[in-house]
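> Below is the file target_6.cif, with mmCIF, C-alpha atoms and all ligand atoms.
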```cif
data_my_file
loop_
_atom_site.label_atom_id
_atom_site.label_comp_id
_atom_site.auth_asym_id
_atom_site.auth_seq_id
_atom_site.Cartn_x
_atom_site.Cartn_y
_atom_site.Cartn_z
CA MET A 1 18.68 -15.72 -15.55
CA GLN A 2 17.80 -12.09 -16.36
CA ALA A 3 15.62 -10.10 -13.96
CA TRP A 4 14.69 -6.55 -13.03
CA LEU A 5 16.40 -5.98 -9.68
CA LEU A 6 15.40 -3.50 -7.00
CA PRO A 7 18.73 -2.78 -5.27
CA GLU A 8 17.17 -1.22 -2.15
CA ILE A 9 14.13 0.73 -0.97
CA GLY A 10 14.02 3.98 -2.95
CA ALA A 11 12.02 4.40 -6.13
CA ILE A 12 10.59 2.33 -8.94
CA ASP A 13 12.98 3.95 -11.44
CA HIS A 14 15.93 2.42 -9.53
CA LEU A 15 15.13 -0.97 -11.10
CA ARG A 16 18.16 -2.48 -12.87
CA TRP A 17 18.22 -5.11 -15.65
CA ASP A 18 20.75 -7.70 -14.50
CA SER A 19 21.43 -11.41 -14.15
CA ILE A 20 20.86 -13.38 -10.93
CA GLU A 21 21.43 -16.95 -9.95
CA THR A 22 18.70 -19.38 -10.91
CA ARG A 23 17.07 -20.93 -7.83
CA HIS A 24 16.24 -24.60 -7.55
CA PRO A 25 12.87 -25.42 -6.03
CA GLY A 26 12.92 -26.90 -2.54
CA GLU A 27 10.34 -29.30 -1.18
CA GLY A 28 6.78 -28.40 -2.20
CA ASN A 29 8.00 -25.75 -4.65
CA VAL A 30 7.87 -25.39 -8.40
CA THR A 31 9.89 -23.17 -10.76
CA LEU A 32 8.10 -21.47 -13.65
CA ASP A 33 9.70 -20.07 -16.78
CA VAL A 34 7.74 -16.83 -16.85
CA LEU A 35 5.80 -16.09 -20.05
CA PHE A 36 3.88 -12.97 -18.95
CA ALA A 37 4.00 -10.94 -15.75
CA ALA A 38 1.58 -8.16 -14.72
CA LEU A 39 2.26 -4.93 -12.85
CA ASN A 40 0.42 -3.59 -9.82
CA PRO A 41 0.62 -0.21 -8.00
CA ALA A 42 1.79 -2.17 -4.92
CA ASP A 43 5.09 -2.89 -6.77
CA ARG A 44 5.80 0.82 -6.74
CA TYR A 45 4.65 1.19 -3.14
CA LEU A 46 7.08 -1.54 -2.11
CA ALA A 47 9.93 0.10 -4.05
CA GLU A 48 9.19 3.39 -2.24
CA GLY A 49 9.07 1.75 1.20
CA LEU A 50 5.33 2.41 1.52
CA TYR A 51 4.32 -1.25 1.71
CA PRO A 52 4.58 -3.40 4.85
CA ALA A 53 7.12 -5.85 3.40
CA ARG A 54 10.85 -6.03 4.08
CA PRO A 55 12.36 -8.39 1.51
CA SER A 56 16.09 -9.00 1.26
CA PHE A 57 17.92 -7.08 -1.47
CA PRO A 58 18.37 -7.11 -4.36
CA HIS A 59 14.68 -7.89 -4.66
CA VAL A 60 12.56 -8.82 -7.68
CA LEU A 61 9.09 -7.22 -7.86
CA GLY A 62 6.03 -8.71 -9.57
CA ARG A 63 3.14 -10.70 -8.09
CA ASP A 64 1.18 -11.97 -11.07
CA ALA A 65 2.38 -14.28 -13.83
CA VAL A 66 1.75 -17.15 -16.19
CA GLY A 67 4.60 -19.54 -16.86
CA ILE A 68 5.67 -23.03 -17.85
CA VAL A 69 6.77 -25.45 -15.12
CA SER A 70 10.49 -26.04 -15.66
CA GLN A 71 11.53 -27.61 -12.33
CA VAL A 72 9.50 -29.51 -9.74
CA GLY A 73 10.57 -29.99 -6.12
CA LYS A 74 9.67 -33.06 -4.08
CA GLY A 75 6.06 -33.17 -2.89
CA ALA A 76 4.86 -30.52 -5.37
CA GLY A 77 1.56 -32.27 -6.04
CA ASP A 78 0.42 -32.99 -9.57
CA TRP A 79 2.55 -30.37 -11.32
CA LYS A 80 4.88 -31.75 -13.98
CA LEU A 81 7.43 -30.34 -16.40
CA GLY A 82 5.81 -28.44 -19.27
CA ASP A 83 2.54 -27.68 -17.45
CA LYS A 84 1.27 -24.13 -17.83
CA ALA A 85 0.22 -22.36 -14.62
CA LEU A 86 -0.82 -19.00 -13.23
CA LEU A 87 0.30 -17.66 -9.89
CA LEU A 88 -2.79 -17.29 -7.72
CA ARG A 89 -1.34 -15.89 -4.51
CA GLY A 90 1.68 -15.92 -2.27
CA GLU A 91 4.77 -14.02 -1.28
CA ALA A 92 6.31 -13.73 -4.78
CA GLY A 93 7.20 -10.07 -5.33
CA VAL A 94 6.55 -9.30 -1.64
CA SER A 95 8.95 -11.11 0.73
CA GLN A 96 10.16 -13.55 -1.97
CA LEU A 97 11.63 -12.95 -5.43
CA GLY A 98 8.85 -12.01 -7.83
CA THR A 99 7.78 -12.43 -11.41
CA LEU A 100 9.73 -9.67 -13.22
CA ALA A 101 12.32 -12.33 -13.96
CA GLN A 102 12.82 -15.13 -16.45
CA GLN A 103 12.02 -17.63 -13.69
CA VAL A 104 10.10 -17.58 -10.44
CA THR A 105 10.08 -20.27 -7.76
CA VAL A 106 6.89 -20.57 -5.70
CA PRO A 107 5.03 -23.05 -3.48
CA ALA A 108 3.09 -25.45 -5.72
CA GLU A 109 -0.07 -24.72 -3.69
CA CYS A 110 0.01 -21.12 -5.01
CA LEU A 111 -0.51 -22.23 -8.61
CA GLU A 112 -3.67 -22.68 -10.65
CA ARG A 113 -4.38 -24.06 -14.12
CA ILE A 114 -5.26 -21.56 -16.88
CA PRO A 115 -9.07 -21.14 -17.09
CA ALA A 116 -10.54 -22.73 -20.24
CA GLY A 117 -10.66 -20.31 -23.17
CA TRP A 118 -8.43 -17.67 -21.55
CA THR A 119 -5.27 -16.43 -23.26
CA ASP A 120 -1.94 -16.44 -21.40
CA PRO A 121 -1.92 -12.62 -20.93
CA GLN A 122 -5.50 -12.70 -19.58
CA ALA A 123 -4.54 -15.40 -17.08
CA ALA A 124 -1.33 -13.60 -16.11
CA CYS A 125 -2.96 -10.34 -15.08
CA ALA A 126 -6.08 -11.37 -13.22
CA ALA A 127 -5.40 -13.10 -9.90
CA LEU A 128 -4.54 -10.18 -7.62
CA VAL A 129 -7.04 -7.61 -8.87
CA TYR A 130 -10.03 -9.91 -9.41
CA VAL A 131 -9.73 -11.58 -6.00
CA THR A 132 -9.35 -8.10 -4.45
CA ALA A 133 -12.48 -6.88 -6.25
CA TYR A 134 -14.32 -10.03 -5.17
CA GLN A 135 -13.44 -9.38 -1.51
CA ALA A 136 -14.50 -5.73 -1.84
CA LEU A 137 -17.87 -6.68 -3.36
CA THR A 138 -18.74 -9.58 -1.06
CA GLN A 139 -17.48 -8.58 2.40
CA PHE A 140 -20.80 -6.92 3.39
CA ASP A 141 -23.11 -9.56 1.84
CA SER A 142 -24.75 -6.88 -0.31
CA PRO A 143 -28.01 -8.22 -1.80
CA ARG A 144 -28.60 -8.50 -5.55
CA ASN A 145 -29.68 -5.26 -7.27
CA SER A 146 -27.64 -3.09 -4.88
CA VAL A 147 -26.22 0.18 -6.21
CA VAL A 148 -22.41 -0.04 -6.34
CA LEU A 149 -20.23 3.05 -6.87
CA ILE A 150 -16.64 2.32 -7.98
CA SER A 151 -13.81 4.88 -8.00
CA GLY A 152 -10.80 4.36 -10.27
CA ALA A 153 -13.16 2.13 -12.26
CA SER A 154 -10.86 1.96 -15.30
CA GLY A 155 -7.90 0.49 -13.38
CA GLY A 156 -7.06 -3.12 -12.63
CA VAL A 157 -9.26 -3.45 -9.53
CA GLY A 158 -11.90 -1.07 -10.92
CA VAL A 159 -12.46 -3.00 -14.16
CA ALA A 160 -12.60 -6.26 -12.19
CA ALA A 161 -15.12 -4.75 -9.75
CA THR A 162 -17.22 -3.39 -12.63
CA GLN A 163 -17.41 -6.77 -14.38
CA LEU A 164 -18.01 -8.80 -11.21
CA ALA A 165 -20.61 -6.40 -9.78
CA SER A 166 -22.42 -6.52 -13.11
CA ALA A 167 -22.31 -10.34 -13.06
CA MET A 168 -23.75 -10.22 -9.51
CA GLY A 169 -26.77 -8.29 -10.80
CA GLN A 170 -25.83 -4.93 -9.25
CA THR A 171 -26.43 -1.46 -10.65
CA VAL A 172 -22.88 -0.26 -11.30
CA ILE A 173 -21.68 3.35 -11.41
CA GLY A 174 -18.06 3.74 -12.49
CA LEU A 175 -16.03 6.90 -11.88
CA SER A 176 -13.37 7.75 -14.46
CA ARG A 177 -11.68 11.02 -15.39
CA SER A 178 -11.46 9.91 -19.02
CA ALA A 179 -14.43 9.97 -21.43
CA GLU A 180 -12.77 7.34 -23.59
CA LYS A 181 -12.27 4.92 -20.68
CA ALA A 182 -15.78 5.68 -19.38
CA ALA A 183 -17.23 4.57 -22.72
CA LYS A 184 -15.35 1.26 -22.44
CA LEU A 185 -16.66 0.74 -18.91
CA LEU A 186 -20.23 0.87 -20.22
CA GLY A 187 -19.34 -2.08 -22.46
CA LEU A 188 -17.99 -3.99 -19.44
CA GLY A 189 -21.17 -3.76 -17.37
CA ALA A 190 -21.30 -0.26 -15.87
CA THR A 191 -24.88 1.07 -15.87
CA TRP A 192 -23.62 4.67 -15.79
CA THR A 193 -20.26 6.39 -15.65
CA LEU A 194 -19.45 9.80 -14.20
CA ASN A 195 -16.38 12.03 -14.19
CA PRO A 196 -15.20 12.66 -10.60
CA GLU A 197 -13.56 15.91 -11.77
CA ASP A 198 -16.97 17.31 -12.75
CA PRO A 199 -18.21 19.12 -9.59
CA GLN A 200 -21.78 18.26 -10.63
CA TRP A 201 -21.25 14.47 -10.55
CA PRO A 202 -23.00 13.87 -7.18
CA LYS A 203 -26.04 15.85 -8.37
CA THR A 204 -26.12 13.96 -11.68
CA LEU A 205 -25.88 10.67 -9.80
CA LYS A 206 -28.82 11.65 -7.58
CA GLN A 207 -30.89 12.41 -10.68
CA LEU A 208 -29.97 9.07 -12.27
CA LEU A 209 -30.78 7.08 -9.12
CA GLN A 210 -34.05 8.96 -8.44
CA SER A 211 -35.33 7.58 -5.09
CA ARG A 212 -32.45 5.10 -4.71
CA ARG A 213 -29.11 5.76 -3.05
CA VAL A 214 -25.70 4.10 -3.27
CA ASP A 215 -25.50 0.90 -1.18
CA LEU A 216 -21.81 0.01 -1.58
CA ILE A 217 -18.70 1.99 -2.49
CA VAL A 218 -15.56 0.27 -3.79
CA ASP A 219 -12.92 2.93 -3.27
CA ASN A 220 -9.56 2.65 -5.02
CA ILE A 221 -8.68 6.34 -4.77
CA GLY A 222 -9.12 7.88 -1.29
CA GLY A 223 -8.08 11.55 -1.18
CA ALA A 224 -10.65 14.32 -1.44
CA LEU A 225 -12.99 12.10 -3.47
CA LEU A 226 -13.82 9.71 -0.63
CA PRO A 227 -15.95 12.09 1.51
CA LYS A 228 -17.88 13.10 -1.63
CA MET A 229 -18.56 9.44 -2.38
CA ILE A 230 -19.66 8.83 1.23
CA ASP A 231 -22.26 11.60 0.84
CA THR A 232 -23.99 9.51 -1.87
CA LEU A 233 -24.63 6.52 0.44
CA GLY A 234 -28.08 5.64 1.71
CA MET A 235 -29.08 4.20 5.08
CA ASN A 236 -26.72 1.40 6.23
CA GLY A 237 -24.47 2.06 3.24
CA CYS A 238 -21.07 0.37 3.15
CA VAL A 239 -17.57 1.31 1.97
CA SER A 240 -14.90 -1.19 0.91
CA LEU A 241 -11.58 0.66 1.19
CA VAL A 242 -9.23 -0.85 -1.38
CA GLY A 243 -6.59 1.75 -2.21
CA MET A 244 -5.61 5.40 -1.97
CA LEU A 245 -4.07 6.37 -5.28
CA ALA A 246 -4.98 10.02 -4.60
CA GLY A 247 -3.35 9.89 -1.15
CA PRO A 248 -4.78 10.40 2.34
CA VAL A 249 -8.23 11.88 2.86
CA PRO A 250 -7.52 15.56 3.67
CA GLN A 251 -10.53 16.11 5.93
CA PHE A 252 -12.78 13.43 7.26
CA ASN A 253 -15.70 14.10 9.58
CA THR A 254 -16.63 10.92 11.45
CA ALA A 255 -20.09 12.43 12.02
CA SER A 256 -20.75 11.71 8.33
CA LEU A 257 -21.07 8.03 9.39
CA PHE A 258 -23.44 8.53 12.35
CA PHE A 259 -26.92 9.15 11.08
CA ARG A 260 -27.01 6.66 8.21
CA ARG A 261 -25.22 4.00 10.32
CA LEU A 262 -22.56 3.69 7.60
CA LEU A 263 -19.99 0.91 7.65
CA MET A 264 -16.39 1.14 6.40
CA ARG A 265 -14.07 -1.84 6.11
CA GLY A 266 -10.62 -2.31 4.68
CA VAL A 267 -9.90 -4.79 1.90
CA ALA A 268 -6.70 -6.83 2.14
CA VAL A 269 -6.47 -9.60 -0.40
CA SER A 270 -3.45 -11.07 1.41
CA THR A 271 -5.63 -11.93 4.45
CA TYR A 272 -7.58 -14.56 2.51
CA SER A 273 -6.48 -18.08 3.41
CA LEU A 274 -5.39 -20.31 0.54
CA GLU A 275 -8.84 -21.94 0.57
CA GLU A 276 -10.67 -18.59 0.56
CA ASN A 277 -8.45 -17.39 -2.26
CA ARG A 278 -9.12 -20.51 -4.32
CA GLU A 279 -12.87 -20.29 -3.67
CA ALA A 280 -12.89 -16.60 -4.65
CA TRP A 281 -10.91 -17.38 -7.81
CA GLN A 282 -13.36 -20.10 -8.84
CA GLN A 283 -16.23 -17.65 -8.34
CA VAL A 284 -14.40 -15.00 -10.39
CA VAL A 285 -13.79 -17.39 -13.31
CA SER A 286 -17.38 -18.60 -13.18
CA MET A 287 -18.85 -15.05 -13.05
CA LEU A 288 -16.73 -13.86 -15.98
CA GLY A 289 -17.91 -16.94 -17.88
CA GLN A 290 -21.56 -16.09 -17.12
CA ILE A 291 -21.20 -12.61 -18.62
CA ASN A 292 -18.94 -13.88 -21.41
CA GLN A 293 -16.11 -11.52 -20.48
CA ARG A 294 -12.40 -11.83 -19.78
CA PRO A 295 -9.77 -9.75 -17.96
CA VAL A 296 -9.10 -6.49 -19.79
CA ILE A 297 -5.58 -5.75 -21.01
CA ASP A 298 -4.41 -2.18 -21.41
CA SER A 299 -0.97 -2.89 -22.86
CA VAL A 300 1.82 -5.49 -23.10
CA PHE A 301 5.45 -4.27 -22.98
CA PRO A 302 8.60 -6.22 -23.91
CA PHE A 303 10.58 -7.44 -20.88
CA GLN A 304 13.37 -4.91 -21.52
CA GLN A 305 10.82 -2.08 -21.24
CA VAL A 306 9.65 -2.60 -17.64
CA PRO A 307 10.32 1.09 -16.75
CA ALA A 308 8.03 2.18 -19.61
CA ALA A 309 5.42 -0.30 -18.39
CA PHE A 310 5.50 1.24 -14.89
CA ALA A 311 5.19 4.70 -16.49
CA ARG A 312 2.08 3.52 -18.32
CA LEU A 313 0.63 2.17 -15.04
CA ALA A 314 1.21 5.54 -13.37
CA GLU A 315 -0.68 7.32 -16.19
CA GLY A 316 -3.88 5.41 -15.38
CA PRO A 317 -4.46 2.40 -17.62
CA MET A 318 -7.68 0.87 -18.95
CA GLY A 319 -7.34 -2.57 -17.36
CA LYS A 320 -3.99 -4.25 -16.80
CA VAL A 321 -0.41 -3.48 -17.85
CA LEU A 322 1.69 -6.57 -18.64
CA VAL A 323 5.23 -7.50 -19.55
CA GLU A 324 6.02 -10.25 -22.04
CA VAL A 325 8.98 -12.04 -20.49
CA ALA A 326 9.43 -15.16 -22.59
CA ASP A 327 9.76 -13.44 -25.95
CA SER A 328 12.64 -11.39 -24.58
CA GLN A 329 14.08 -14.57 -23.12
CA LEU A 330 14.39 -15.96 -26.63
CA ARG A 331 15.90 -12.72 -27.96
CA SER A 332 18.50 -12.58 -25.19
CA VAL A 333 19.82 -16.12 -25.83
N1 LIG B 401 -6.31 -3.65 -0.50
C1 LIG B 401 -5.85 -4.58 -1.35
O1 LIG B 401 -5.77 -5.76 -1.03
C2 LIG B 401 -5.43 -4.13 -2.72
C3 LIG B 401 -5.21 -5.06 -3.74
C4 LIG B 401 -4.91 -4.58 -5.02
C5 LIG B 401 -4.76 -3.21 -5.24
N2 LIG B 401 -4.92 -2.35 -4.18
C6 LIG B 401 -4.80 -0.89 -4.37
O2 LIG B 401 -5.94 -0.43 -5.06
C7 LIG B 401 -5.62 0.74 -5.81
C8 LIG B 401 -6.06 0.55 -7.25
O3 LIG B 401 -5.26 -0.44 -7.85
P1 LIG B 401 -5.34 -0.70 -9.42
O4 LIG B 401 -4.50 -1.86 -9.70
O5 LIG B 401 -6.77 -0.72 -9.85
O6 LIG B 401 -4.69 0.67 -9.97
P2 LIG B 401 -4.52 1.16 -11.47
O7 LIG B 401 -4.66 0.01 -12.39
O8 LIG B 401 -3.31 2.00 -11.50
O9 LIG B 401 -5.82 2.09 -11.78
C9 LIG B 401 -6.36 3.03 -10.99
C10 LIG B 401 -7.29 3.99 -11.76
O10 LIG B 401 -7.60 5.03 -10.84
C11 LIG B 401 -7.64 6.27 -11.49
N3 LIG B 401 -6.69 7.16 -10.80
C12 LIG B 401 -5.36 7.01 -10.65
N4 LIG B 401 -4.83 8.02 -9.93
C13 LIG B 401 -5.88 8.81 -9.59
C14 LIG B 401 -5.99 10.02 -8.85
N5 LIG B 401 -4.91 10.60 -8.29
N6 LIG B 401 -7.21 10.57 -8.69
C15 LIG B 401 -8.30 9.99 -9.25
N7 LIG B 401 -8.24 8.86 -9.98
C16 LIG B 401 -7.05 8.28 -10.13
C17 LIG B 401 -7.27 6.07 -12.93
O11 LIG B 401 -8.49 6.07 -13.65
P3 LIG B 401 -9.02 7.30 -14.57
O12 LIG B 401 -7.80 7.88 -15.22
O13 LIG B 401 -9.94 6.61 -15.50
O14 LIG B 401 -9.72 8.25 -13.66
C18 LIG B 401 -6.65 4.67 -12.96
O15 LIG B 401 -6.94 3.99 -14.15
C19 LIG B 401 -4.10 0.94 -5.64
O16 LIG B 401 -3.88 1.87 -4.60
C20 LIG B 401 -3.62 -0.44 -5.21
O17 LIG B 401 -2.42 -0.41 -4.48
C21 LIG B 401 -5.25 -2.77 -2.94
#
```
Could you take the file, read its structure, and then write that structure out as structure tokens?

Amino acid sequence: MQAWLLPEIGAIDHLRWDSIETRHPGEGNVTLDVLFAALNPADRYLAEGLYPARPSFPHVLGRDAVGIVSQVGKGAGDWKLGDKALLLRGEAGVSQLGTLAQQVTVPAECLERIPAGWTDPQAACAALVYVTAYQALTQFDSPRNSVVLISGASGGVGVAATQLASAMGQTVIGLSRSAEKAAKLLGLGATWTLNPEDPQWPKTLKQLLQSRRVDLIVDNIGGALLPKMIDTLGMNGCVSLVGMLAGPVPQFNTASLFFRRLLMRGVAVSTYSLEENREAWQQVVSMLGQINQRPVIDSVFPFQQVPAAFARLAEGPMGKVLVEVADSQLRSV
């Protein structure tokens, strides 16, 4: 089969289009013919050696996908040939070969059926970012009508957090550097959007909130923005630390946490057990149904154009960047 191979730790532009041996599923495993795969910043982090995973090489990146079951190992539950499935969680694209390939072999317990009414691309891009956003929004048991401030709100996790927080009845403030993307966020449930590059944004936020303060931050960015976001929190405010696309925080004064008794906690989607992941996923699908929304797709690239797809991800997408694998599969026969 054809796959994008990472020959060694180095850089995302070292990926090579090549053929590898097709794997047969062992006990409890299922092989999918991949239809669509989705990209995540963690793919690049792994390629650059910045992610705590040491797969064997050549490695195949890619954690999200929708595919058709093409082989079923013994004891693989109810899955049968021809079923369509999405990859909910697991080691694919981390320690095991991932989804930027014509086939991926995974434990059957990592698969889920496609939610009713969702398209294949919507189902292929959602699992990782929506379950991450769910963990970020629920880990402090924030009550309904909390004020939630989301950085990187236009990205995969940010859009998911915006939609889910809105479905939970929260007041949502999305930060985006792009006016065009900010306008789209308003249509997805953000109450207000602000530009984090405008030095006046904290003042504007204060005016909008009047006597209220931010209760929960979902931070995808880190860097110099994080301390500014922390300043907007009220008493007992909380921070869910998801990512650090802008790099480490240059200066952080721990005293900024003292007087408001602020809480900070990391988010790590991989720490959810299979049951927690499944429960979170069911909640995600149900909440999106309640607000009549679906995962948001920025762009879909042909399988041969994976490098261009990663370039698009690095630019800052509006939602998710996907790769259509199956179409290319047909063309390459
Ligand atoms: N902890 C976990 O379990 C977990 C799980 C999934 C993802 N993550 C991490 O969470 C972060 C976000 O992931 P994602 O999939 O949402 O990323 P993404 O789709 O690439 O989007 C991030 C958004 O952040 C903004 N942005 C990017 N670089 C920025 C910078 N230097 N300064 C300010 N804003 C910037 C952009 O929005 P604008 O252009 O609109 O400003 C972009 O659309 C990543 O670091 C990822 O690795 C963590």
> Counting all atoms listed in the file, what residues are within 8 Å of ligand LIG 401 (chain B), given as an MDAnalysis selection string?
chainID A and resid 40:42 45 128:129 132:133 151:159 175:178 181:182 195:196 219:221 223 225 241:247 266:270 313:321
> Can you list every residue of range 177-235 of chain A that has an atom at most 12 Å from range 271-295 of chain A, with its nearest atom pair and the distance in Å to one decimal, using all atoms listed in the file, ordered by chain then number, as a Markdown table?

```
| residue | atom | partner | partner_atom | distance |
| --- | --- | --- | --- | --- |
| A:Gly187 | CA | A:Gln293 | CA | 10.2 |
| A:Leu188 | CA | A:Gln293 | CA | 7.8 |
| A:Gly189 | CA | A:Ile291 | CA | 8.9 |
```
> Quick one: residues within 12 Å of Leu216 in chain A, only C-alpha atoms, excluding same-chain residues fewer than 4 positions away - as a ChimeraX atom specification?
/A:136-151,161,165,170-173,229-241,262-265
> At what distance in Å, to one decimal, does CA of Gly26 in chain A lie from CA of Arg54 in chain A?
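Taking CA of Arg54 in chain A and CA of Gly26 in chain A, their separation equals 22.0 Å.
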> Which residue out of A:Ile217, A:Pro25, A:Ala311, A:Ser211 has the minimum interatomic distance to Gly174 in chain A when all atoms listed in the file are used?
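So, comparing all the options, the nearest one is A:Ile217.
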